[in-house]
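Trainee: Have a look at this one before I ask anything.
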Amino acid sequence: MHLSTHNWMRAEPLEVTLRRIKRLGYESIEISGEPTQYDTKTARALLKQYGIRCWGSVTIMVAGRNLAAGDEALRARTIDYMKSVVTMVKELEGTEISIVPATVGKIVPDSTPEQEWKWVVQGLKEIYAHAKPCGVRLALEPLNRFETYFLNRADQALRLAEDVGPDCGVCLDVFHMNIEDVDMHDAIRKVGKRLVDVHVAENNRMAPGMGNVDWRKFVATLREVGYPGALTMEAVAPVDRTPVSPWPNQVEKNPANTSPEQRKFIEDHGGSLLSEAFYTMLFETAANTLLPLIR
């Protein structure tokens with residue numbers, strides 16, 4: 001196992017992220033699934049410069065991206081988008097793509113459970129066929145019920161992966177598992193060899209070490225099932241706007257290089273743009289908590 005991270009949680013140049021994580025002992029990055037934001041030749045050169053490899057990517061499921069949509073054209077655009085993320089991962093020499101099938105924040109279905117399942121399986125099979133020759137493995141990620149109605153638990157993601165193909169995998173996220181799975185360790189055991197990626201954050205979605213998750217037991221369970229991959233940091237800190245906030249430097253006062261769409265996504269999922277000092281503290285805490293357990 002090794003320590004990895006997402007980079008969608010704070011809008012900053014890729015080189016700033018790479019410089020930080022290299023210093024702190026991270027080995028790879030799961031790059032934000034926005035292919036139009038990256039020139040892969042330039043990004044690949046930066047990765048090599050800092051000795052950080054691309055682990056993969058994650059779909060950014062904003063409005064207009066949904067494999068379970070009742071609109072056929074919207075589903076087709078979503079398939080094309082996900083294929084483009086796969087292609088980006090291939091060009092960055094990565095090996096996996098974490099896929100959230102439906103729009104994050106959409107909690108009202110478009111059709112019957114049977115019909116939506118069929119649409120999603122059909123779409124994923126097309127993406128799976130594109131990913132296989134690219135050497136990129138799909139990892140289907142369940143989210144909690146407040147972010148999606150479609151896929152919430154590990155057993156649901158496992159069944160969906162089985163319906164898609166023999167090499168389709170699952171991504172488990174500790175924050176979401178802590179809400180939806182009765183026993184996250186049993187969930188890991190059930191997914192077993194289909195476990196392709198693991199996203200790590202606390203029960204409060206702060207960095208590992210800032211909540212109540214038993215990380216020693218969690219890592220031991222991953223070793224039990226023979227998981228060889230990344231622990232991908234995905235702390236999405238809620239912004240404390242109260243007088244008792246322990247983090248007076250939490251929010252970035254002068255954000256730069258942030259598109260309106262990117263800012264909205266970050267604010268919808270965290271609360272605001274985080275300052276570099278606070279963001280770096282999260283990464284340091286995660287590294288100090290997890291690296292002694294996986295080395």
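In the structure tokens, chains take the letters A, B, ... in the order shown, each chain's residues start at 1, and ligands count up from 1 in the order shown.
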Can I get the residues of segment 176-268 of chain A within 8 Å of segment 151-166 of chain A, each with the closest pair of atoms and their distance in Å to one decimal, using only C-alpha atoms, sorted chain first then ascending number, as CSV?

Mentor:
```
residue,atom,partner,partner_atom,distance
A:His176,CA,A:Asn152,CA,7.8
A:Met177,CA,A:Arg153,CA,7.0
A:Glu180,CA,A:Arg153,CA,5.9
A:Asp181,CA,A:Arg153,CA,5.9
A:Ala187,CA,A:Ala154,CA,5.9
A:Ile188,CA,A:Ala154,CA,7.8
A:Lys190,CA,A:Asp155,CA,7.4
A:Val191,CA,A:Leu158,CA,6.1
A:Arg194,CA,A:Leu158,CA,7.6
```

Trainee: Grab the residues selected above and save them as a compact mmCIF listing (two decimals), in the first residue's frame with C-alpha atoms.

Mentor:
```txt
# COMPACT_ATOMS: atom_id res chain seq x y z
CA HIS A 176 -19.26 7.23 3.06
CA MET A 177 -18.81 3.70 4.47
CA GLU A 180 -23.90 3.56 5.07
CA ASP A 181 -22.17 0.23 5.80
CA ALA A 187 -17.64 -4.61 3.63
CA ILE A 188 -13.97 -4.67 2.67
CA LYS A 190 -17.01 -8.85 0.85
CA VAL A 191 -15.53 -6.72 -1.93
CA ARG A 194 -12.50 -6.43 -6.61
```

Trainee: Pull the helix (DSSP H, G or I) assignments for segment 133-191 of chain A out of DSSP run on the backbone, and list those residues as a PyMOL selection string.

Mentor: chain A and resi 133-134+154-164+174-180+184-191

Trainee: With only C-alpha atoms as the counted atoms, please give the residues lying no more than 12 Å from Trp215 of chain A, apart from itself and same-chain residues fewer than 3 positions off, as a short mmCIF file (atom, residue, chain, number, x, y, z; two decimals) with C-alpha atoms, in the first residue's frame.

Mentor:
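Saved the output as selection-v7.cif:
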```cif
data_model
loop_
_atom_site.label_atom_id
_atom_site.label_comp_id
_atom_site.auth_asym_id
_atom_site.auth_seq_id
_atom_site.Cartn_x
_atom_site.Cartn_y
_atom_site.Cartn_z
CA VAL A 174 -14.20 5.52 4.45
CA MET A 184 -16.83 -1.26 7.07
CA HIS A 185 -14.38 -4.09 7.75
CA VAL A 200 -9.60 7.97 3.11
CA ALA A 201 -11.08 10.62 5.38
CA GLU A 202 -12.49 10.61 8.88
CA ASN A 203 -16.10 10.16 10.00
CA ALA A 207 -8.01 14.22 7.52
CA PRO A 208 -7.23 10.79 8.97
CA GLY A 209 -6.22 11.37 12.57
CA MET A 210 -8.83 14.07 13.20
CA GLY A 211 -11.85 11.84 13.88
CA ASN A 212 -12.81 8.49 15.37
CA PHE A 218 -8.75 -0.49 8.91
CA VAL A 219 -5.29 -0.96 7.40
CA ALA A 220 -5.06 -4.44 8.96
CA THR A 221 -8.32 -5.39 7.19
CA LEU A 222 -6.97 -4.14 3.87
CA LEU A 231 -4.96 5.07 0.28
CA ALA A 286 -3.01 12.32 7.14
CA ASN A 288 1.54 11.32 10.09
CA THR A 289 -1.44 9.05 10.79
CA LEU A 290 -1.22 6.62 7.87
CA LEU A 291 2.40 6.31 6.80
CA PRO A 292 3.53 4.52 9.98
CA LEU A 293 0.75 1.96 9.42
CA ILE A 294 1.51 1.13 5.77
#
```

Trainee: I want to know what sits within 7 Å of Ser98 of chain A, based on only C-alpha atoms, with residues of the same chain fewer than 2 positions away left out; could you give that as a list in words?

Mentor: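 Using only C-alpha atoms, the neighbours found are Ser57, Val58, Thr59, Glu96, Val100, Leu138, Ala139, Leu140, Glu141 and Cys171 of chain A.
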
Trainee: Compile the contact shell of Glu15 of chain A as a PyMOL selection string: residues with an atom at most 12 Å away, counting only C-alpha atoms, same-chain residues fewer than 5 positions apart removed.

Mentor: chain A and resi 7+20-22+29+38+42-52

Trainee: Could you please write out, as a list in words, every residue of segment 34-192 of chain A that DSSP assigns to strand (DSSP E or B)?

Mentor: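 Those residues are Arg53, Cys54, Trp55, Gly56, Ser57, Val58, Thr59, Glu96, Ile97, Ser98, Ile99, Lys106, Arg137, Leu138, Ala139, Leu140, Thr148, Gly169, Val170, Cys171, Leu172 and Asp173 of chain A.
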
Trainee: Residues as selected, N, CA and C atoms, written as a PDB file, in the first residue's frame, can you do that?

Mentor:
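Result written to part-v3.pdb:
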```
ATOM      1  N   ARG A  53       3.694   9.435  -9.230  1.00  0.00           N
ATOM      2  CA  ARG A  53       3.021   8.783 -10.351  1.00  0.00           C
ATOM      3  C   ARG A  53       1.527   9.074 -10.320  1.00  0.00           C
ATOM      4  N   CYS A  54       0.903   8.987 -11.480  1.00  0.00           N
ATOM      5  CA  CYS A  54      -0.551   9.094 -11.553  1.00  0.00           C
ATOM      6  C   CYS A  54      -1.138   7.752 -11.162  1.00  0.00           C
ATOM      7  N   TRP A  55      -1.892   7.740 -10.067  1.00  0.00           N
ATOM      8  CA  TRP A  55      -2.605   6.524  -9.665  1.00  0.00           C
ATOM      9  C   TRP A  55      -3.839   6.352 -10.545  1.00  0.00           C
ATOM     10  N   GLY A  56      -4.523   7.452 -10.812  1.00  0.00           N
ATOM     11  CA  GLY A  56      -5.716   7.382 -11.646  1.00  0.00           C
ATOM     12  C   GLY A  56      -6.460   8.700 -11.625  1.00  0.00           C
ATOM     13  N   SER A  57      -7.776   8.603 -11.674  1.00  0.00           N
ATOM     14  CA  SER A  57      -8.615   9.798 -11.657  1.00  0.00           C
ATOM     15  C   SER A  57      -9.953   9.452 -11.035  1.00  0.00           C
ATOM     16  N   VAL A  58     -10.775  10.468 -10.868  1.00  0.00           N
ATOM     17  CA  VAL A  58     -12.110  10.291 -10.309  1.00  0.00           C
ATOM     18  C   VAL A  58     -13.071  11.152 -11.113  1.00  0.00           C
ATOM     19  N   THR A  59     -14.232  10.629 -11.425  1.00  0.00           N
ATOM     20  CA  THR A  59     -15.219  11.403 -12.171  1.00  0.00           C
ATOM     21  C   THR A  59     -15.781  12.511 -11.289  1.00  0.00           C
ATOM     22  N   GLU A  96      -6.248   3.404 -12.893  1.00  0.00           N
ATOM     23  CA  GLU A  96      -7.637   3.227 -12.441  1.00  0.00           C
ATOM     24  C   GLU A  96      -8.422   4.513 -12.609  1.00  0.00           C
ATOM     25  N   ILE A  97      -9.749   4.359 -12.657  1.00  0.00           N
ATOM     26  CA  ILE A  97     -10.660   5.505 -12.642  1.00  0.00           C
ATOM     27  C   ILE A  97     -11.780   5.189 -11.665  1.00  0.00           C
ATOM     28  N   SER A  98     -11.922   6.029 -10.647  1.00  0.00           N
ATOM     29  CA  SER A  98     -13.018   5.883  -9.688  1.00  0.00           C
ATOM     30  C   SER A  98     -14.258   6.546 -10.285  1.00  0.00           C
ATOM     31  N   ILE A  99     -15.310   5.769 -10.416  1.00  0.00           N
ATOM     32  CA  ILE A  99     -16.518   6.246 -11.092  1.00  0.00           C
ATOM     33  C   ILE A  99     -17.687   6.335 -10.124  1.00  0.00           C
ATOM     34  N   LYS A 106     -27.846  14.773  -6.539  1.00  0.00           N
ATOM     35  CA  LYS A 106     -29.168  14.432  -7.080  1.00  0.00           C
ATOM     36  C   LYS A 106     -29.721  13.259  -6.282  1.00  0.00           C
ATOM     37  N   ARG A 137      -8.437   0.326 -15.025  1.00  0.00           N
ATOM     38  CA  ARG A 137      -9.469  -0.466 -14.380  1.00  0.00           C
ATOM     39  C   ARG A 137     -10.534   0.433 -13.763  1.00  0.00           C
ATOM     40  N   LEU A 138     -11.801   0.105 -13.992  1.00  0.00           N
ATOM     41  CA  LEU A 138     -12.908   0.852 -13.415  1.00  0.00           C
ATOM     42  C   LEU A 138     -13.069   0.491 -11.943  1.00  0.00           C
ATOM     43  N   ALA A 139     -13.336   1.499 -11.102  1.00  0.00           N
ATOM     44  CA  ALA A 139     -13.591   1.295  -9.677  1.00  0.00           C
ATOM     45  C   ALA A 139     -14.869   2.059  -9.332  1.00  0.00           C
ATOM     46  N   LEU A 140     -15.957   1.350  -9.098  1.00  0.00           N
ATOM     47  CA  LEU A 140     -17.264   1.972  -8.873  1.00  0.00           C
ATOM     48  C   LEU A 140     -17.399   2.378  -7.409  1.00  0.00           C
ATOM     49  N   THR A 148     -26.310  10.881  -3.122  1.00  0.00           N
ATOM     50  CA  THR A 148     -26.892  10.153  -4.249  1.00  0.00           C
ATOM     51  C   THR A 148     -27.868   9.105  -3.729  1.00  0.00           C
ATOM     52  N   GLY A 169     -13.981  -3.148 -10.980  1.00  0.00           N
ATOM     53  CA  GLY A 169     -13.726  -3.140  -9.552  1.00  0.00           C
ATOM     54  C   GLY A 169     -14.586  -2.170  -8.785  1.00  0.00           C
ATOM     55  N   VAL A 170     -14.241  -2.017  -7.513  1.00  0.00           N
ATOM     56  CA  VAL A 170     -14.974  -1.178  -6.577  1.00  0.00           C
ATOM     57  C   VAL A 170     -13.990  -0.230  -5.895  1.00  0.00           C
ATOM     58  N   CYS A 171     -14.444   0.982  -5.648  1.00  0.00           N
ATOM     59  CA  CYS A 171     -13.712   1.943  -4.826  1.00  0.00           C
ATOM     60  C   CYS A 171     -14.511   2.153  -3.546  1.00  0.00           C
ATOM     61  N   LEU A 172     -13.857   2.016  -2.408  1.00  0.00           N
ATOM     62  CA  LEU A 172     -14.521   2.258  -1.127  1.00  0.00           C
ATOM     63  C   LEU A 172     -13.979   3.530  -0.493  1.00  0.00           C
ATOM     64  N   ASP A 173     -14.881   4.326   0.042  1.00  0.00           N
ATOM     65  CA  ASP A 173     -14.544   5.598   0.671  1.00  0.00           C
ATOM     66  C   ASP A 173     -14.941   5.517   2.141  1.00  0.00           C
TER      67      ASP A 173
END
```

Trainee: Rounded to one decimal place, report the atom CA of Leu92 of chain A-atom CA of Thr40 of chain A distance in Å.

Mentor: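 We find that atom CA of Leu92 of chain A and atom CA of Thr40 of chain A lie 6.2 Å from each other.
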
Trainee: Expressed in Å to a single decimal, how great is the separation between atom CA of Val86 of chain A and atom CA of Val136 of chain A?

Mentor: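 Between atom CA of Val86 of chain A and atom CA of Val136 of chain A the gap works out to 6.8 Å.
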
Trainee: For a test of reading the model, state the distance in Å between atom CA of Tyr128 of chain A and atom CA of Glu114 of chain A, rounded to one decimal.

Mentor: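 Distance between the two atoms: 20.6 Å.
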
Trainee: Tell me which protein, DNA and RNA residues are within 10 Å of segment 270-284 of chain A, counting only C-alpha atoms, leaving out same-chain ones fewer than 3 positions away, and put them as a ChimeraX atom specification.

Mentor: /A:5,9-12,16-17,20-21,23-26,205-210,233-241,247-255,258,263-267,287-289

Trainee: Could you check the closest approach to Ala102 of chain A for each of A:Asp80, A:Glu147, A:Glu126, A:Glu72 and tell me which residue wins, using only C-alpha atoms?

Mentor: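 For Ala102 of chain A, the nearest of the candidates is A:Glu147.
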
Trainee: Would you list the contacts of Glu116 of chain A as a PyMOL selection string, taking every protein, DNA or RNA residue within 12 Å and counting only C-alpha atoms, but skipping same-chain residues closer than 2 positions in sequence?

Mentor: chain A and resi 66-72+75+101-102+108-114+118-123+149-151+160

Trainee: Quick one: of A:Val196, A:Cys134, A:Met61, A:Leu143, who's nearest to Phe175 of chain A, counting only C-alpha atoms?

Mentor: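 Closest residue, counting only C-alpha atoms: A:Leu143.
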